[in-house]
Amino acid sequence: MVSNALGSPTLHMKAEMAVALTGITKRFGAFVANNAIDLAVRRGEIHAIIGENGAGKTTLMNILFGLLQPDEGSIRLNGEETVVTDPAVAIKAGLGMVHQHFKLVPSLSVADNVFLGMEIRRHGLIDHAAQIARTRELSKRFGLQVDPTERVGLLSVGIEQRIEILKVLVRGARTIILDEPTAVLTPQESRELFQTLRSFVAEGMTVIFISHHLEEVMEVSDTVTVLRNGKKVATRPTAELSKDELVRMMVGREVSFDRRPRAPSRGDVVLQVEDLWARDDRRLPALRNVSFTVRSGEVVGIAGVAGNGQTELAEVLSGLRPASHGAARLKGQNLAALSPREIREAGLAHVPGDRMVRGVDRNASIAANMLMGRQHRAPWSSSGVLNWTAISENASRLIKDFDIRAQGPGDAVKRLSGGNIQKVVLAREFTNGADFLLIDQPTRGVDIGAQEAIHDEIMRQRAAGRAILLISVQLDELAALADRILVMFNGRIMGEVAGDGADEDRIGMMMAGVAAPERAAEPA
Amino acid sequence: MEILDKLVNVALIAATLRTTAPILLVALGGSFTTKAGIFNIGLEGQMLAGAFFAVIGSIWTGSAFAGVACGVAAALAFALVFAVLVVSFRANEVVVGLALNILAGGMTISLMKAIFGTRGSIVGHGIVGLPKVQLPGARAVLGSWAPLISGFTPIVYVAFIAVPLLVLFYNRTRLGLYIRVVGEKPEAAEALGISITRVRYTASLLCGLLAGLAGAHLSLGYITMFTENMSSGRGFMAVAILIFSNGDPLKVLWGCLLFGFADAFSLRLQTFGYPSYLVLTVPYVVALTALFALSYRARPKIITETLASMQRLLSTDKNIEPGGKHPS
């Protein structure tokens with residue numbers, strides 16, 4: 001079993017097409033998730049499947065992998081007509097899938113996780129040494145850096161993904177499906193992943209890669225298939241496509257990530273951060289000597305590779321983490337002396353980076369989620385009794401104002417898509433009258449249509465004179481929205497660039513911690 | 001010093017091993033269910049049923065080992081009912097465990113009444129206790145220390161040998177690995193085609209096996225009798241130890257040794273004329289204190305966070321800055 005863990009090449013070399021789907025249709029009740037989709041994936045290519053959230057990408061791949069059964073259509077794997085009744089059939093045919101949500105066991109070692117379900121045994125006992133050696137060999141061969149002996153619970157998401165890929169390889173996959181693999185990765189990790197994908201192709205393997213990120217699709221794929229509303233729009237060689245064309249095919253209308261026009265504005269200082277230091281959960285310094293100001297009517301962007309102190313900065317500013325030194329003042333009030341609620345009442349609105357953890361209660365209704373943080377105030381409650389009529393009316397109005405696609409205020413938040421959940425958070429935070437908006441990764445995992453709406457809303461808040469701190473790992477987002485961009489590396493602010501005509505190379509250098517160019521003079 | 005010498009000696013350590021055995025066995029049994037992700041509060045009932053039916057079996061057959069087998073079978077029956085309700089029918093494990101504990105308590109009392117016409121305890125009636133294993137040569141090699149390894153009933157040896165075996169089981173066997181995976185990340189097990197149901201049934205029955213042995217040790221080990229509620233909370237103590245040890249066999253062993261030592265120590269104290277009510281609380285007080293001390297370090301995040309924010313509040317209240325909370 002293990003000796004041919006990478007599959008015998010002779011078995012799969014016959015057909016030119018590794019995967020061919022014909023006329024795949026899948027309905028969920030009245031909703032058509034996949035509508036007569038044809039898809040042909042050539043052996044040895046990286047084939048990207050791109051589309052907005054809800055375009056039917058994941059459904060199609062789940063059908064290919066046997067997790068869902070199509071209502072119509074047929075599947076050919078390596079040229080052979082196959083009914084993929086369950087994943088076991090797909091795995092046997094040389095398919096492997098890396099899902100969006102990892103299924104790893106934290107207390108087990110990397111090697112144990114890789115071989116779980118197909119352990120190498122000697123005399124009836126698990127042979128850990130052999131599993132470790134085999135994992136190490138595979139990880140070297142494909143540039144998937146992991147330490148096979150380490151416990152998975154201690155590792156980052158990026159490494160977890162490598163383990164999932166190793167799992168698939170060990171099971172002999174020759175065609176690897178990755179569902180939104182970069183959604184959880186830092187830019188650096190994404191680049192490493194792309195190199196690994198190329199090494200697969202170099203060995204004659206095939207990669208199917210689901211994404212809604214234009215850049216990475218342009219960068220890594222040989223062929224692109226675009227899905228929209230459950231239908232296939234086109235399959236084209238990537239080299240023949242421009243980014244604009246791709247966007248148009250994806251959304252069916254023009255979307256630009258261009259810089260948003262704005263009126264010049266110079267308001268008073270709302271947030272002043274001076275020599276701020278803080279520690280992370282491991283008690284290591286996460287913020288070092290951070291100083292900056294945010295004025296009303298301006299958007300200050302924080303750029304940086306994820307994990308360089310941005311999370312801790314947001315937590316300190318919202319009162320969720322103590323500063324070890326220095327001060328942050330919101331309209332003159334020292335935040336260290338205030339509880340999170342007091343900070344909010346002093347004028348903070350917070351759109352947290354992880355909306356499912358700190359942004360919403362996924363099991364509660366939209367109305368309840370929009371109430372949170374103001375439940376103790378009139379008109380939402382009086383004498384400790386909630387006024388559900390007012391709460392519900394408010395929620396209905398916000399659903400309309402923020403164009404949230406939901407059935408009504410009573411809808412549970414967990415039934416909404418990522419973009420709509422984010423709009424619920426924005427609707428709540430942007431309407432509580434705060435002067436300072438702390439916005440962390442507002443468009444993470446959100447489709448392009450919703451991204452645009454969210455950006456519009458942020459610009460409206462700017463025009464209304466709010467002071468905005470925008471933390472994002474997406475440079476184009478910052479370049480489109482921010483007046484000034486501060487770049488963070490290893491807990492420090494490496495430098496500042498103007499948002500207008502932001503120089504990506506210079507930002508990239510600072511994000512990598514290579515150089516610390518002189519900081520532009522702060523507006524006094 | 002003299003008192004200390006009288007208190008702490010070879011006999012006390014041997015007694016510790018003896019009293020540790022039943023709680024160790026039942027806790028190791030519970031380690032299977034804990035690792036498999038089942039909160040098994042029914043250990044007490046399984047142990048009690050094991051103790052009762054071990055006595056019945058011993059009387060009927062005239063053999064201590066047949067008695068042990070009867071006790072184990074009874075505990076397995078309880079474990080099976082538990083598994084059917086909890087694993088197959090997804091009933092709440094705490095409710096089912098408690099119900100089975102109550103059932104075991106009530107059933108043993110009423111069966112005692114029905115069969116023997118007595119309340120309280122079964123003594124005599126030809127109960128055959130377990131033999132004591134005298135290891136040949138132990139006395140020659142260890143001299144007066146021989147009672148440390150020789151002269152216990154077979155179940156005591158089983159209990160202590162089970163610890164390294166379980167370590168091996170969890171680390172090196174497929175079933176052991178799958179039990180851990182099912183408990184820790186059921187969705188991973190599912191994705192790999194491991195049957196969660198089958199693994200959890202297996203874990204429950206393994207648990208019943210050891211709980212039954214533990215019960216048999218109570219009633220056929222060093223005293224050959226059955227009394228009402230004979231397990232006297234050992235099953236619950238085992239549950240507590242399991243929570244803090246997360247079912248790891250070595251940690252379970254330390255927890256149980258501590259409890260066994262306190263138990264043996266309190267028996268010793270009684271002979272010195274201290275009030276027995278107080279003395280009887282010793283093992284529980286010691287165990288609880290130790291568990292508290294241990295778990296304080298590993299306390300759940302929510303408690304740590306609460307404490308941290310309280311500390312922060314207190315410290316900021318003391319030195320409010322002029323420009324801070326009260327700007328005027």
# chains A, B, ... in the order shown; residues from 1 in each chain; ligands from 1

call {"tool": "interface_residues", "arguments": {"of": "chain A", "to": "chain B", "cutoff": "7 Å", "atoms": "only C-alpha atoms", "output": "list in words"}}
result
Lys103, Leu104, Val105, Gly117, Leu125, Ile126, Gln333, Asn334, Ala337 and Leu338 of chain A

call {"tool": "residues_around", "arguments": {"residues": "Ala453 (chain A)", "least_positions_apart": "6", "cutoff": "9 Å", "atoms": "only C-alpha atoms", "output": "list in words"}}
result
Phe402, Asp403 and Lys423 of chain A

call {"tool": "write_last_selection", "arguments": {"atoms": "C-alpha atoms", "output": "JSON list (two decimals), in the first residue's frame"}}
result
[["chain", "number", "residue", "atom", "x", "y", "z"],
["A", 402, "PHE", "CA", -27.03, 47.48, 3.89],
["A", 403, "ASP", "CA", -28.55, 45.21, 1.23],
["A", 423, "LYS", "CA", -22.70, 43.16, 6.36]]

call {"tool": "residues_around", "arguments": {"residues": "Gly433 (chain A)", "least_positions_apart": "2", "cutoff": "9 Å", "atoms": "only C-alpha atoms", "output": "count of residues only"}}
result
7

call {"tool": "residues_around", "arguments": {"residues": "Thr20 (chain B)", "least_positions_apart": "4", "cutoff": "9 Å", "atoms": "only C-alpha atoms", "output": "PyMOL selection string"}}
result
chain B and resi 15-16+24-25+156+159+253+256-261+263-264

call {"tool": "atom_distance", "arguments": {"atom1": "CA of Arg141 (chain A)", "atom2": "CA of Thr223 (chain A)"}}
result
25.0 Å

call {"tool": "select_by_dssp", "arguments": {"residues": "region 72-302 of chain B", "states": "helix (DSSP H, G or I)", "output": "PyMOL selection string"}}
result
chain B and resi 72-88+93-116+138-148+154-172+174-184+186-191+196-220+234-245+249-270+276-297+301-302

call {"tool": "residues_around", "arguments": {"residues": "Asp401 (chain A)", "least_positions_apart": "2", "cutoff": "12 Å", "atoms": "only C-alpha atoms", "output": "mmCIF file with C-alpha atoms, in the first residue's frame"}}
result
data_model
loop_
_atom_site.group_PDB
_atom_site.id
_atom_site.type_symbol
_atom_site.label_atom_id
_atom_site.label_comp_id
_atom_site.auth_asym_id
_atom_site.auth_seq_id
_atom_site.Cartn_x
_atom_site.Cartn_y
_atom_site.Cartn_z
ATOM 1 C CA ASN A 394 -34.320 48.546 13.349
ATOM 2 C CA ALA A 395 -32.998 45.232 12.027
ATOM 3 C CA SER A 396 -35.415 45.305 9.079
ATOM 4 C CA ARG A 397 -34.286 48.808 8.215
ATOM 5 C CA LEU A 398 -30.614 47.885 8.408
ATOM 6 C CA ILE A 399 -31.169 44.777 6.299
ATOM 7 C CA ASP A 403 -28.552 45.212 1.232
ATOM 8 C CA ILE A 404 -28.275 42.067 3.346
ATOM 9 C CA ARG A 405 -29.644 39.045 1.521
ATOM 10 C CA LYS A 423 -22.698 43.161 6.358
ATOM 11 C CA VAL A 424 -24.606 42.326 9.545
ATOM 12 C CA LEU A 426 -20.968 46.432 9.551
ATOM 13 C CA ALA A 427 -24.608 47.434 9.898
ATOM 14 C CA ARG A 428 -24.389 47.109 13.655
ATOM 15 C CA PHE A 430 -21.477 51.643 11.619
ATOM 16 C CA THR A 431 -24.807 52.722 13.069
ATOM 17 C CA ALA A 453 -20.542 47.245 -1.239
ATOM 18 C CA GLU A 457 -19.841 51.822 2.954
#

call {"tool": "atom_distance", "arguments": {"atom1": "CA of Gly30 (chain B)", "atom2": "CA of Cys207 (chain B)"}}
result
5.5 Å

call {"tool": "residues_around", "arguments": {"residues": "Val425 (chain A)", "least_positions_apart": "3", "cutoff": "9 Å", "atoms": "only C-alpha atoms", "output": "PyMOL selection string"}}
result
chain A and resi 350-352+355+359-360+369-370+420-422+428-430

call {"tool": "select_by_dssp", "arguments": {"residues": "region 134-301 of chain A", "states": "strand (DSSP E or B)", "output": "JSON, numbers by chain"}}
result
{"A": [151, 175, 176, 177, 178, 179, 206, 207, 208, 209, 210, 211, 223, 224, 225, 226, 227, 228, 231, 232, 233, 234, 235, 236, 237, 269, 270, 271, 272, 273, 274, 275, 276, 277, 278, 279, 285, 286, 287, 288, 289, 290, 291, 292, 293, 294, 295, 299, 300, 301]}
